[in-house]
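Engineer: Here's a structure for you.
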Number of protein chains: 2
Amino acid sequence: MKRTLSGSLVFILLLSIGVSAQVKHTDLMPIPASVESGDGLPLGITKSFSVAFAGHTDDRLKAAAGRMIERLQRQTVLELSRSTSGDPAAASLVIDCKGPGSAVPKLGEDESYTLTVTASRAVLAAPTVTGALRGIETFLQLVQGNRYGFFVSPVVIKDSPRFPWRGLMIDVARHFQPIPVIKRNLDAMAAVKMNVFHWHLTEDQGFRVESKKFPRLHTLGSDGNFFTQEEVKEIIAYAAERGIRVVPEFDMPGHATAWLVGHPELGSAPGPYEIERQPGIFEPALDPTNEEVYKLLDVFLGEMAALFPDAYMHIGGDENEGKQWDRNPEIQAFMQKNGIKDNHALQAYFNKRVLAILKKHGKIMMGWDEIFVPELPKDVVIHSWRGQEALAAAAQKGHLGVLSNGYYIDLIQPASDHYLVDPVPSDSPLTADEKKRVLGGEATMWSEWVSPETIDSRIWPRTAAIAERLWSPADVRDVKDMYRRLDIMEVRLENLGLMHRSYQNTLLRRLAGSLDIADLKTLVSVIEPVKLYQRYQQRPQTMLAPLTGLIDAARPDAEGARRFSYLADAFIAEDQDKTAKPLLRMTFERWQTDGTRLAVTMNENPALKEGAQLGADLRDLGKIGLEALANDGSSASASKEWYAAAIARLEEIGKPKAACEFVVIEAMKRLVNKTSKIAVAAQ
Amino acid sequence: MKRTLSGSLVFILLLSIGVSAQVKHTDLMPIPASVESGDGLPLGITKSFSVAFAGHTDDRLKAAAGRMIERLQRQTVLELSRSTSGDPAAASLVIDCKGPGSAVPKLGEDESYTLTVTASRAVLAAPTVTGALRGIETFLQLVQGNRYGFFVSPVVIKDSPRFPWRGLMIDVARHFQPIPVIKRNLDAMAAVKMNVFHWHLTEDQGFRVESKKFPRLHTLGSDGNFFTQEEVKEIIAYAAERGIRVVPEFDMPGHATAWLVGHPELGSAPGPYEIERQPGIFEPALDPTNEEVYKLLDVFLGEMAALFPDAYMHIGGDENEGKQWDRNPEIQAFMQKNGIKDNHALQAYFNKRVLAILKKHGKIMMGWDEIFVPELPKDVVIHSWRGQEALAAAAQKGHLGVLSNGYYIDLIQPASDHYLVDPVPSDSPLTADEKKRVLGGEATMWSEWVSPETIDSRIWPRTAAIAERLWSPADVRDVKDMYRRLDIMEVRLENLGLMHRSYQNTLLRRLAGSLDIADLKTLVSVIEPVKLYQRYQQRPQTMLAPLTGLIDAARPDAEGARRFSYLADAFIAEDQDKTAKPLLRMTFERWQTDGTRLAVTMNENPALKEGAQLGADLRDLGKIGLEALANDGSSASASKEWYAAAIARLEEIGKPKAACEFVVIEAMKRLVNKTSKIAVAAQ
C-alpha cells in the first residue's frame, strides 16, 4: 500500500486539475472572520496524512488531535497514522500553539487561530489550545474530495469570535436527558465553536443533581433520574476537553417544586409537595423570609461551587409570581416590617441574600431578566429571555448580559428567525463600551416536549445558525446561504453521533409498525409541530407521557417544505419555468398518491389516527397543485370559482391538526395566485 | 380524558368488528410451543391499561413490568399508568409468578409460561420470574391496532424453550464494543428469548477485562479500551434483569498475544509482544510447560471466578497451531520427558491443568472443539465451531455440547442458512439421552469487521432466526414465513434502541457527504458484503482502519434483493403476471437511472470510488432487465446473441467489486432464461 514519491506527484498533479473553482471555504459554518483563498495546488489528504505539534502541547491538545484523526479517518475511509509525535517539518498538518490557555475554559479567553493551507502542508497557529480546538473544526470542514482523492484547497483563514459567550442551555429537569445526550451535544457545540453549556438542573419537574449535603433534594426530587457528582465531573471534563465552559443553573426562588418535595420546610406554603408533572408556571417558591432557606442555600451552593469550576453560577429567578407569598401571613408581616413594598422587591431582597452567598463561595451571579433591579450590583450578569431592549437597558446600567430571547429553539421556529436575531443589532442604541457588555447569547432547549430520542432534532441543525450569529461578523446574514450550509451541517453533525435526523425514520417505523414508511416520510417532510406555546393547548400531555407521536417525528424547518417553496418560487419567477414545472408536477403527484393512501392507513392505525386528516390534506394539496399546473386558461382551474375554492381549501388545510401544521400553504397560495393570473391573462 | 363505561363498551364492540381474522399470533418470533386462538372479543389496550401481580413479586419482576409499560407507552403513544401495585382483579394484565427463579440466571431453570388473553384481561402465569420475562416479550408482540384502538386478540399460549442454552457470543476483543453496545444487544436478546451472553473478552488483538491482580494484562493489552470490574458487574446485573446468563471467555493457550504484551514471560517465545493489529491466526501461545503460567492462571481465573457468577467459564482453546511450541527447545524437551507425543497432546495437558484450576474455583469448563480429547472429563462442555458431527461425537462420549457451527453471523450469510441449521437435526444419529446433552447453540459475532456503529447490523435481525431455531419446536422451518416475521422484528428491535437499520443512512450520508442518498440506497438494497472469509482477501484492512466504507453500509440479507427475487419469481411462475411486470419495470428503470448517476458520482467521490463499477453494474442490470421484459419474440432480446451477451454480462456483474457483490444475479438469470424461452416459443 505504499506510494512512491512519483506516485504522490502524479496524485497532486491530477488533483490540481480537478480542483478548479471547487473551493469549499464557502461551506464553512460558522463563517470565519477572514478567509483568503490561495491559488496554488491543494494539500492532498492521503493515507500518509499526519499531524504534528510545533509549539506547546498538552494532553488536551493531543486528545483533540486524536479525535480529529479519528473523524478524518471515518470520513475518508482511509487508515491514518494516529501518531502526533512526528517531526513537524514533515507533517501534513502542523499545530503551533503558543500556550495552554485555560485548561478549565473561562470567559474571555483567546479563541483565535490562523489556518494557512498550502500544497505542502497546513499550519494551524493559535495562542491557546482553545484556539487550536476551534481551528481543528475549521480544518475538518475544509476537507473535500474529487476523483483524484481528498484534499484541502489553499487558503489563509484568520478567525476569532465576535462574542465571547456562545451558549446552549439544556433543560435536563422537565425531561431528564442522560449523559450520552449531553456528551453528543457537547460534541456538536464544539463543531460549531460554541463555548458555554448552560446546564438547567432544577425545576418544578425535577431536581437533577446529586447533593451529598442534602440528599433529599435529588433522591426525592428526581424519580431517580439525576446526575451524580462523579457524572457532573465527567461532563465538566468532557466539555473542558472541547473548550466549553459549564455554567450550572439552580432556579430559585420560583420553579422550585422539586426542591420542596424533600424539603417542604423551605417552601412558602406548608406542603407536602410532589414532583410537578404538568408543564407551566407553578406557585411553589422558596420562602425568602425563612433563615433556614439561606442556611441551606449557603451549604448547597457552597457544595455546588466546589463541584462546578466555572466563575459563573446561574440562579434562574424567572417567572416567580409570588402567589404563595401573597397568601402567607408571616411573609406579609415580614414585608411590612421591613418596608418591602411588593413581591418584586421581596425577590430582590432574596437575590441580594443569594448574591452574598455566591460571593462568599467565589462565584459571579447570573440570572434571568427578573433579577434586574436598579440596586443590583453591576457584576451580576443579566440573562435576557425578554429581549434585546431589556438586554440593552441592563448594559446601559453597567451590567454584563447574555441574550436568549430570539434563541428559544424549543418553540420550533425556523432557523431563519433565530439567525437574524442579533444580540447587538446594527441599530443598537448602545455606545461602544456598552456594546462590549453584551457578552453574546444562548440557545435555550427547554425540555417540556423532548425526550432523549427527539431532543437532538429540536436543537440541531438550527442551533448552528445561532452559533454562526454569535461567532461570525455581524454582516453575515444571507438566509438562503445559511440554509444551504445548514444542510451540510446536518451531515457533519450526524457524523458526530447526533440523532437529529436518524431518529425520524426510527420513530416513523415504530408508528407505522412497519418498514414501509415512504408515504409517511412524504407527509413529515412538509409538516411541522405547531409553534410557540400552542402544543400543550392543542394536544395536552404530562411530563410522563410518551413523546413518540407524529408531532415528535415532525421536525422544525421541514426540509421538503423549504425545497417546495424554492421550487414554487422558481416556477412563479420564471413564468412556468421549464425546469420547475415537471419537478412540481412530480411533487404534487407524490403528495396526491401518498396522501390518498395515508388518509386510509393512518385512520386504521391508532397511533396515527389523530393525524389522519393530514393525509387527506396532503392528497388535496397535490390535487390543487396539479390543477393549478394544468391551468392554461381553458381548464376548470382558470375559473374564479376554482380559485376561490382552492384558496378556501388551502386555508382549511393550513389549520393545525394533531398539533402539526403544513408549512407549504403560503407557497401554494403564491402558486395558485400566479397560475390564476396567467389564466386571466390568457382569457 | 376519562371514558365512561358505556364509552368503553362501545369501544370494545367497535373493536371486535374490526378484528375479524386479524389475529397477530402469526407474527410472533420465536414461535411459541403452543398457540390456540380464542374466538371471543379482544382485550382493548387503552389509556386505562394496567399491570398487577397476583403471585410472587420482586424487584426484578417489577422492573421488567416497568420496562414493559414504558415500551407499550412508546409504541401506542398512550400515557399509561406506571403503577403495578393495583388490585390484580381489576388489572388488564395480571402476572402470576409462582416464585423468583434464579435471580442470577442459571442453566436449565424453568423458563416456561402460559399466557391467556380474554376480552376482560390477560393472565401471564409462570413458575419463575424468568418465565414471566419470556411471557412479557410475547405479550408485547401480540399488541396490534385498528381504527378503533390497540388490542390483543384472545389466545392461549403455552410456551417453553426447546433448548436451554440459547446464546449470542460477542467478541469485544478484536474491535472493542463499549457498554452501550452490550446493553442494547442484551435488550435485543431478551426480546427474542435468548438466555446466554457469551462474552469473548481476550484475543490476540485485545485483552478487554480489568484484572486487579495483574493490571498489566488489561492496561498494556487493550489500548485503554477495556471493561472495568464495576462495568462487568453492571453488565452482569443488566443481563440478569433480563434473564440472561453471562459466560466469560478467556481464550488460551492460543489467541493470546494481548496477554503477552504485559506478561511476555508467559509466552512460548521470548517476546517482546505487541497488540496484534491484523486479523488471522497467530503464533503467540501461553507456555504449557511453565509453572508460572499456571500460577498466574490460578490467581487470574480465581479473580474472574469471583467476578462472574455463572457456573460456566469458557477457556477458548481454538486454533492454536503450536508453532511457538515447535521452535522452543525447552518445550520440546518437556514433551519428550513427559511422553507428550504432539502439540495436540500438549494442549490436552494444558487443558487438564486449567480444568483443575477452574474446578478449584468452582467453575465448569467450556471450550471450543479442539479441547475435546478422549480422556477429557465428561463434565466439560464442548462448544462446537466445527459442526453438528463433532457435537454429536462429543455427546456420544457423554459431553454436554453447544453448537455454533452454522451460526457464524460474522460471515454475512443469509438468515435462511442459519435458520435451517439444527443442533439436533431430524436425522441425528443420537439416542434420546444423547440428544439431551446437546444444550443448544450460540450465534457468534466475531468482530474483525464490526465497529460499535455497524455491529448491530451484523447481529440483527438475523440472530432472531437463530433464536427461533433454539426456542421453537423443531418443525418450525418455513423460511419464507421466517423472513416475513424478520421484517417485523426489524422494527421491534429498532424500538429497543438497536441500530441495525438506522446506521445505514447515517453511513451513506457520511460517504456521500450529502443528504441526497436516494441512489446509493437503491444500490445498497441489492448488494451485500462478500461472504465467509473473502473480505480480508479482497480488501485488506487492519484492526485500526475505519469501518465506514460502502461494504460497511451494505447489510447481510439485502432486502431489496430479496424482494426483487420474490417479484421475479412471481413473474416467472405466472407467465408474465400482470402485477409483477409493471413493478419489475419500475425496479429496472430505477436501477438504470440511479446506476447511471452513480457510475459518475461514485467515481468523483474518493470515499466511494472503489465501488464505482457497482454503479455501472446497477445501470446494466436495469438495462438487461428492461430488455428482457420487452421481449415479445420480435425484439432484439429474443435473439440467441442477446441471451448469450446478457448471461455473460450478468456473470461479470456477479463478480465482487470493493468486496461487495450483487445478490440479484441468480434471479436475473432466471428472468432472462424465462423471457428467452417465451421468445423462442413465440418464434
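By order in the C-alpha cells, chains are A, B, ...; within a chain, residues start at 1; ligands start at 1, following the order shown.
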Can you check which residues of chain B have any atom within 8 Å of chain A? Use only C-alpha atoms and format it as a tab-separated table (two decimals) with all heavy atoms, in the first residue's frame.
Structural biologist:
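Written out: result00.tsv:
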```tsv
chain	number	residue	atom	x	y	z
B	73	GLN	N	-46.07	2.09	26.08
B	73	GLN	CA	-46.40	3.51	26.00
B	73	GLN	C	-45.76	4.14	24.77
B	73	GLN	O	-46.40	4.89	24.03
B	73	GLN	CB	-45.89	4.18	27.29
B	73	GLN	CG	-46.09	5.66	27.36
B	73	GLN	CD	-45.94	6.22	28.77
B	73	GLN	OE1	-46.83	6.09	29.60
B	73	GLN	NE2	-44.83	6.86	29.05
B	74	ARG	N	-44.51	3.84	24.55
B	74	ARG	CA	-43.81	4.38	23.38
B	74	ARG	C	-44.46	3.91	22.09
B	74	ARG	O	-44.57	4.66	21.12
B	74	ARG	CB	-42.34	3.95	23.39
B	74	ARG	CG	-41.49	4.67	24.40
B	74	ARG	CD	-40.20	3.91	24.69
B	74	ARG	NE	-39.37	3.73	23.52
B	74	ARG	CZ	-38.48	4.62	23.08
B	74	ARG	NH1	-38.32	5.75	23.74
B	74	ARG	NH2	-37.76	4.39	22.02
B	75	GLN	N	-44.90	2.66	22.09
B	75	GLN	CA	-45.47	2.10	20.87
B	75	GLN	C	-46.87	2.64	20.58
B	75	GLN	O	-47.22	2.90	19.43
B	75	GLN	CB	-45.52	0.57	21.02
B	75	GLN	CG	-46.06	-0.16	19.80
B	75	GLN	CD	-46.16	-1.65	20.05
B	75	GLN	OE1	-45.53	-2.19	20.96
B	75	GLN	NE2	-46.98	-2.34	19.26
B	76	THR	N	-47.65	2.82	21.64
B	76	THR	CA	-49.05	3.20	21.44
B	76	THR	C	-49.26	4.72	21.51
B	76	THR	O	-50.33	5.20	21.15
B	76	THR	CB	-49.94	2.58	22.54
B	76	THR	OG1	-49.46	3.04	23.82
B	76	THR	CG2	-49.89	1.05	22.49
B	77	VAL	N	-48.25	5.45	21.95
B	77	VAL	CA	-48.36	6.89	22.17
B	77	VAL	C	-49.45	7.21	23.20
B	77	VAL	O	-50.02	8.30	23.21
B	77	VAL	CB	-48.59	7.67	20.85
B	77	VAL	CG1	-48.15	9.14	20.98
B	77	VAL	CG2	-47.85	7.04	19.67
B	78	LEU	N	-49.75	6.25	24.04
B	78	LEU	CA	-50.72	6.45	25.13
B	78	LEU	C	-49.96	6.66	26.43
B	78	LEU	O	-48.96	5.98	26.68
B	78	LEU	CB	-51.60	5.21	25.29
B	78	LEU	CG	-52.54	4.85	24.14
B	78	LEU	CD1	-53.13	3.46	24.38
B	78	LEU	CD2	-53.65	5.89	24.01
B	79	GLU	N	-50.45	7.58	27.26
B	79	GLU	CA	-49.86	7.67	28.60
B	79	GLU	C	-50.49	6.62	29.49
B	79	GLU	O	-51.71	6.65	29.72
B	79	GLU	CB	-50.06	9.07	29.19
B	79	GLU	CG	-49.39	9.17	30.56
B	79	GLU	CD	-49.41	10.57	31.16
B	79	GLU	OE1	-49.70	11.53	30.43
B	79	GLU	OE2	-49.13	10.67	32.37
B	80	LEU	N	-49.69	5.70	29.96
B	80	LEU	CA	-50.20	4.58	30.75
B	80	LEU	C	-49.79	4.72	32.20
B	80	LEU	O	-48.79	5.37	32.52
B	80	LEU	CB	-49.64	3.26	30.19
B	80	LEU	CG	-49.90	3.00	28.71
B	80	LEU	CD1	-49.18	1.74	28.26
B	80	LEU	CD2	-51.40	2.89	28.43
B	145	GLY	N	-53.26	-3.01	16.32
B	145	GLY	CA	-54.20	-1.89	16.34
B	145	GLY	C	-55.08	-1.86	15.11
B	145	GLY	O	-54.74	-2.43	14.07
B	146	ASN	N	-56.20	-1.22	15.23
B	146	ASN	CA	-57.02	-0.88	14.07
B	146	ASN	C	-57.68	0.47	14.34
B	146	ASN	O	-57.33	1.16	15.29
B	146	ASN	CB	-58.03	-1.98	13.73
B	146	ASN	CG	-59.08	-2.16	14.82
B	146	ASN	OD1	-59.28	-1.27	15.67
B	146	ASN	ND2	-59.74	-3.30	14.82
B	147	ARG	N	-58.63	0.84	13.50
B	147	ARG	CA	-59.19	2.18	13.63
B	147	ARG	C	-59.84	2.44	14.99
B	147	ARG	O	-60.04	3.59	15.38
B	147	ARG	CB	-60.21	2.45	12.52
B	147	ARG	CG	-61.50	1.66	12.67
B	147	ARG	CD	-62.50	2.06	11.61
B	147	ARG	NE	-61.96	1.76	10.28
B	147	ARG	CZ	-62.55	2.15	9.15
B	147	ARG	NH1	-63.66	2.86	9.18
B	147	ARG	NH2	-62.04	1.80	7.99
B	148	TYR	N	-60.15	1.37	15.70
B	148	TYR	CA	-60.82	1.55	16.99
B	148	TYR	C	-59.85	1.61	18.16
B	148	TYR	O	-60.23	1.94	19.27
B	148	TYR	CB	-61.86	0.45	17.21
B	148	TYR	CG	-62.84	0.40	16.05
B	148	TYR	CD1	-62.83	-0.67	15.16
B	148	TYR	CD2	-63.72	1.45	15.82
B	148	TYR	CE1	-63.70	-0.68	14.09
B	148	TYR	CE2	-64.57	1.44	14.74
B	148	TYR	CZ	-64.56	0.38	13.88
B	148	TYR	OH	-65.41	0.37	12.81
B	149	GLY	N	-58.62	1.23	17.92
B	149	GLY	CA	-57.64	1.30	19.01
B	149	GLY	C	-56.69	0.12	19.01
B	149	GLY	O	-56.67	-0.69	18.07
B	150	PHE	N	-55.94	0.03	20.08
B	150	PHE	CA	-55.00	-1.09	20.24
B	150	PHE	C	-55.69	-2.23	20.98
B	150	PHE	O	-56.55	-1.99	21.83
B	150	PHE	CB	-53.76	-0.64	21.01
B	150	PHE	CG	-52.88	0.28	20.22
B	150	PHE	CD1	-52.97	1.66	20.38
B	150	PHE	CD2	-51.96	-0.23	19.32
B	150	PHE	CE1	-52.16	2.51	19.64
B	150	PHE	CE2	-51.15	0.62	18.57
B	150	PHE	CZ	-51.25	1.99	18.73
B	487	ASP	N	-38.90	-9.18	9.09
B	487	ASP	CA	-39.18	-7.77	8.77
B	487	ASP	C	-39.88	-7.08	9.94
B	487	ASP	O	-39.61	-5.91	10.23
B	487	ASP	CB	-40.08	-7.67	7.53
B	487	ASP	CG	-39.29	-7.78	6.24
B	487	ASP	OD1	-38.05	-7.84	6.29
B	487	ASP	OD2	-39.93	-7.82	5.16
B	488	ILE	N	-40.77	-7.79	10.59
B	488	ILE	CA	-41.46	-7.21	11.75
B	488	ILE	C	-40.48	-7.06	12.91
B	488	ILE	O	-40.49	-6.06	13.63
B	488	ILE	CB	-42.67	-8.10	12.15
B	488	ILE	CG1	-43.64	-8.21	10.96
B	488	ILE	CG2	-43.37	-7.55	13.39
B	488	ILE	CD1	-44.70	-9.28	11.14
B	490	GLU	N	-37.41	-6.42	12.68
B	490	GLU	CA	-36.55	-5.25	12.42
B	490	GLU	C	-37.08	-4.04	13.19
B	490	GLU	O	-36.32	-3.31	13.81
B	490	GLU	CB	-36.56	-4.90	10.93
B	490	GLU	CG	-35.68	-5.77	10.10
B	490	GLU	CD	-34.57	-4.98	9.41
B	490	GLU	OE1	-34.22	-3.87	9.85
B	490	GLU	OE2	-34.05	-5.51	8.44
B	491	VAL	N	-38.38	-3.83	13.08
B	491	VAL	CA	-38.98	-2.67	13.73
B	491	VAL	C	-38.97	-2.85	15.25
B	491	VAL	O	-38.64	-1.93	16.00
B	491	VAL	CB	-40.42	-2.44	13.22
B	491	VAL	CG1	-41.04	-1.22	13.89
B	491	VAL	CG2	-40.40	-2.27	11.70
B	492	ARG	N	-39.34	-4.05	15.70
B	492	ARG	CA	-39.35	-4.29	17.16
B	492	ARG	C	-37.97	-4.06	17.76
B	492	ARG	O	-37.83	-3.47	18.83
B	492	ARG	CB	-39.80	-5.73	17.44
B	492	ARG	CG	-41.25	-6.01	17.11
B	492	ARG	CD	-41.57	-7.49	17.34
B	492	ARG	NE	-42.95	-7.81	16.99
B	492	ARG	CZ	-43.34	-8.99	16.55
B	492	ARG	NH1	-42.46	-9.97	16.38
B	492	ARG	NH2	-44.61	-9.20	16.26
B	494	GLU	N	-35.51	-2.25	16.51
B	494	GLU	CA	-35.15	-0.83	16.43
B	494	GLU	C	-35.77	-0.06	17.60
B	494	GLU	O	-35.15	0.86	18.15
B	494	GLU	CB	-35.62	-0.25	15.09
B	494	GLU	CG	-35.11	1.15	14.85
B	494	GLU	CD	-35.41	1.66	13.45
B	494	GLU	OE1	-36.26	1.07	12.76
B	494	GLU	OE2	-34.77	2.65	13.04
B	495	ASN	N	-36.97	-0.46	17.99
B	495	ASN	CA	-37.63	0.24	19.08
B	495	ASN	C	-36.95	0.01	20.42
B	495	ASN	O	-37.19	0.74	21.38
B	495	ASN	CB	-39.10	-0.19	19.16
B	495	ASN	CG	-39.88	0.39	18.01
B	495	ASN	OD1	-39.45	1.38	17.41
B	495	ASN	ND2	-40.99	-0.22	17.67
B	502	SER	N	-30.91	1.90	11.26
B	502	SER	CA	-30.73	3.35	11.15
B	502	SER	C	-29.29	3.74	10.82
B	502	SER	O	-29.05	4.79	10.24
B	502	SER	CB	-31.16	4.03	12.45
B	502	SER	OG	-30.37	3.59	13.53
B	503	TYR	N	-28.32	2.90	11.19
B	503	TYR	CA	-26.92	3.26	10.94
B	503	TYR	C	-26.66	3.42	9.45
B	503	TYR	O	-25.75	4.13	9.05
B	503	TYR	CB	-25.98	2.18	11.52
B	503	TYR	CG	-25.61	1.13	10.50
B	503	TYR	CD1	-24.37	1.14	9.86
B	503	TYR	CD2	-26.53	0.17	10.11
B	503	TYR	CE1	-24.04	0.21	8.89
B	503	TYR	CE2	-26.22	-0.76	9.15
B	503	TYR	CZ	-24.97	-0.75	8.54
B	503	TYR	OH	-24.68	-1.66	7.57
B	505	ASN	N	-28.32	4.74	6.76
B	505	ASN	CA	-28.47	6.07	6.18
B	505	ASN	C	-27.39	7.01	6.71
B	505	ASN	O	-26.85	7.83	5.97
B	505	ASN	CB	-29.85	6.66	6.51
B	505	ASN	CG	-30.94	6.09	5.62
B	505	ASN	OD1	-30.68	5.24	4.77
B	505	ASN	ND2	-32.15	6.55	5.83
B	506	THR	N	-27.10	6.91	8.00
B	506	THR	CA	-26.05	7.74	8.59
B	506	THR	C	-24.73	7.53	7.85
B	506	THR	O	-24.05	8.48	7.46
B	506	THR	CB	-25.88	7.39	10.08
B	506	THR	OG1	-27.11	7.65	10.76
B	506	THR	CG2	-24.77	8.19	10.72
B	509	ARG	N	-24.90	8.85	4.22
B	509	ARG	CA	-24.80	10.33	4.15
B	509	ARG	C	-23.35	10.76	4.37
B	509	ARG	O	-22.87	11.70	3.75
B	509	ARG	CB	-25.74	10.99	5.17
B	509	ARG	CG	-27.20	11.00	4.71
B	509	ARG	CD	-28.08	11.86	5.61
B	509	ARG	NE	-28.40	11.21	6.86
B	509	ARG	CZ	-29.50	10.50	7.10
B	509	ARG	NH1	-30.41	10.34	6.15
B	509	ARG	NH2	-29.72	9.95	8.28
B	510	ARG	N	-22.66	10.08	5.28
B	510	ARG	CA	-21.26	10.42	5.53
B	510	ARG	C	-20.43	10.16	4.27
B	510	ARG	O	-19.61	10.98	3.86
B	510	ARG	CB	-20.72	9.59	6.69
B	510	ARG	CG	-19.29	9.95	7.07
B	510	ARG	CD	-18.76	9.02	8.15
B	510	ARG	NE	-19.69	8.95	9.25
B	510	ARG	CZ	-19.91	7.86	9.99
B	510	ARG	NH1	-19.24	6.75	9.76
B	510	ARG	NH2	-20.79	7.89	10.95
B	511	LEU	N	-20.66	8.99	3.65
B	511	LEU	CA	-19.91	8.65	2.44
B	511	LEU	C	-20.22	9.64	1.32
B	511	LEU	O	-19.33	10.09	0.60
B	511	LEU	CB	-20.28	7.23	1.98
B	511	LEU	CG	-19.62	6.09	2.76
B	511	LEU	CD1	-20.31	4.77	2.45
B	511	LEU	CD2	-18.13	6.01	2.43
B	513	GLY	N	-21.37	12.60	1.71
B	513	GLY	CA	-21.14	13.98	2.13
B	513	GLY	C	-22.35	14.85	1.82
B	513	GLY	O	-22.23	16.03	1.54
B	514	SER	N	-23.50	14.24	1.86
B	514	SER	CA	-24.71	14.92	1.37
B	514	SER	C	-25.95	14.28	1.97
B	514	SER	O	-25.94	13.12	2.39
B	514	SER	CB	-24.74	14.81	-0.15
B	514	SER	OG	-26.04	15.04	-0.64
B	515	LEU	N	-27.03	15.05	1.98
B	515	LEU	CA	-28.31	14.50	2.43
B	515	LEU	C	-28.96	13.63	1.35
B	515	LEU	O	-29.86	12.85	1.64
B	515	LEU	CB	-29.28	15.64	2.78
B	515	LEU	CG	-28.87	16.53	3.96
B	515	LEU	CD1	-29.86	17.67	4.11
B	515	LEU	CD2	-28.79	15.72	5.24
B	544	LEU	N	-7.19	-1.27	13.04
B	544	LEU	CA	-7.23	0.16	13.33
B	544	LEU	C	-7.86	0.97	12.21
B	544	LEU	O	-8.02	2.19	12.32
B	544	LEU	CB	-5.80	0.69	13.59
B	544	LEU	CG	-5.08	0.08	14.79
B	544	LEU	CD1	-3.65	0.60	14.87
B	544	LEU	CD2	-5.82	0.40	16.08
B	545	ALA	N	-8.22	0.31	11.12
B	545	ALA	CA	-8.76	1.02	9.96
B	545	ALA	C	-10.23	1.37	10.18
B	545	ALA	O	-10.92	0.72	10.96
B	545	ALA	CB	-8.61	0.15	8.72
B	546	PRO	N	-10.70	2.40	9.50
B	546	PRO	CA	-12.12	2.77	9.66
B	546	PRO	C	-13.04	1.74	9.01
B	546	PRO	O	-12.73	1.22	7.94
B	546	PRO	CB	-12.21	4.11	8.94
B	546	PRO	CG	-11.08	4.10	7.96
B	546	PRO	CD	-9.98	3.31	8.60
B	547	LEU	N	-14.15	1.46	9.67
B	547	LEU	CA	-15.15	0.54	9.10
B	547	LEU	C	-16.34	1.39	8.65
B	547	LEU	O	-17.44	1.28	9.17
B	547	LEU	CB	-15.53	-0.51	10.15
B	547	LEU	CG	-14.36	-1.42	10.55
B	547	LEU	CD1	-14.74	-2.32	11.72
B	547	LEU	CD2	-13.87	-2.25	9.37
B	548	THR	N	-16.06	2.24	7.68
B	548	THR	CA	-17.05	3.22	7.26
B	548	THR	C	-17.20	3.26	5.74
B	548	THR	O	-17.66	4.25	5.19
B	548	THR	CB	-16.65	4.63	7.76
B	548	THR	OG1	-15.34	4.94	7.24
B	548	THR	CG2	-16.62	4.71	9.26
B	549	GLY	N	-16.81	2.17	5.08
B	549	GLY	CA	-16.91	2.14	3.63
B	549	GLY	C	-18.24	1.61	3.14
B	549	GLY	O	-19.13	1.26	3.93
B	603	ASN	N	-17.54	7.76	-8.88
B	603	ASN	CA	-16.20	7.92	-9.42
B	603	ASN	C	-15.58	9.26	-9.02
B	603	ASN	O	-14.36	9.39	-8.93
B	603	ASN	CB	-16.24	7.79	-10.94
B	603	ASN	CG	-14.88	7.47	-11.50
B	603	ASN	OD1	-14.19	6.60	-10.99
B	603	ASN	ND2	-14.49	8.20	-12.54
B	604	GLU	N	-16.42	10.23	-8.76
B	604	GLU	CA	-15.93	11.56	-8.35
B	604	GLU	C	-15.75	11.67	-6.85
B	604	GLU	O	-15.31	12.70	-6.36
B	604	GLU	CB	-16.92	12.64	-8.82
B	604	GLU	CG	-17.03	12.79	-10.32
B	604	GLU	CD	-15.75	13.32	-10.95
B	604	GLU	OE1	-14.98	14.00	-10.24
B	604	GLU	OE2	-15.51	13.00	-12.13
B	605	ASN	N	-16.15	10.64	-6.13
B	605	ASN	CA	-16.11	10.69	-4.66
B	605	ASN	C	-15.05	9.71	-4.16
B	605	ASN	O	-15.21	8.50	-4.28
B	605	ASN	CB	-17.51	10.30	-4.14
B	605	ASN	CG	-17.57	10.34	-2.62
B	605	ASN	OD1	-16.58	10.10	-1.92
B	605	ASN	ND2	-18.75	10.63	-2.10
B	606	PRO	N	-13.97	10.23	-3.58
B	606	PRO	CA	-12.87	9.33	-3.22
B	606	PRO	C	-13.25	8.28	-2.18
B	606	PRO	O	-12.62	7.24	-2.11
B	606	PRO	CB	-11.79	10.28	-2.69
B	606	PRO	CG	-12.46	11.58	-2.42
B	606	PRO	CD	-13.66	11.65	-3.30
B	607	ALA	N	-14.29	8.56	-1.39
B	607	ALA	CA	-14.71	7.57	-0.40
B	607	ALA	C	-15.53	6.45	-1.03
B	607	ALA	O	-15.69	5.38	-0.45
B	607	ALA	CB	-15.52	8.25	0.70
B	609	LYS	N	-15.22	5.75	-4.58
B	609	LYS	CA	-14.66	5.42	-5.89
B	609	LYS	C	-14.35	3.93	-6.05
B	609	LYS	O	-14.53	3.36	-7.13
B	609	LYS	CB	-13.39	6.25	-6.08
B	609	LYS	CG	-12.86	6.27	-7.50
B	609	LYS	CD	-11.58	7.11	-7.54
B	609	LYS	CE	-10.77	6.77	-8.77
B	609	LYS	NZ	-10.96	7.73	-9.85
```
Engineer: Report as number ranges by chain all protein, DNA and RNA residues lying within 12 Å of Trp591 in chain B, evaluated on only C-alpha atoms, omitting residues in the same chain fewer than 3 positions from it.
Structural biologist: B: 518-526, 560-561, 564, 584-588, 594-599, 614-626, 664
Engineer: Hey, what does DSSP flag as strand (DSSP E) within range 356-522 of chain A? Can you give it to me as a list in words?
Structural biologist: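 Those in range 356-522 of chain A that DSSP calls strand (DSSP E) are Ile364, Met365, Met366, Gly367, Trp368, Val381, Ile382, His383, Ser384, Gly401, Val402, Leu403, Val438, Leu439, Gly440, Gly441, Glu442, Ala443, Thr444 and Met445 of chain A.
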Engineer: If you run DSSP on this backbone, which residues of range 210-442 of chain B come out as helix (DSSP H, G or I), and could you give them as a ChimeraX atom specification?
Structural biologist: /B:215-220,229-241,257-262,264-266,291-307,323-327,329-337,343-360,369-371,388-396,409-411,415-419,432-436
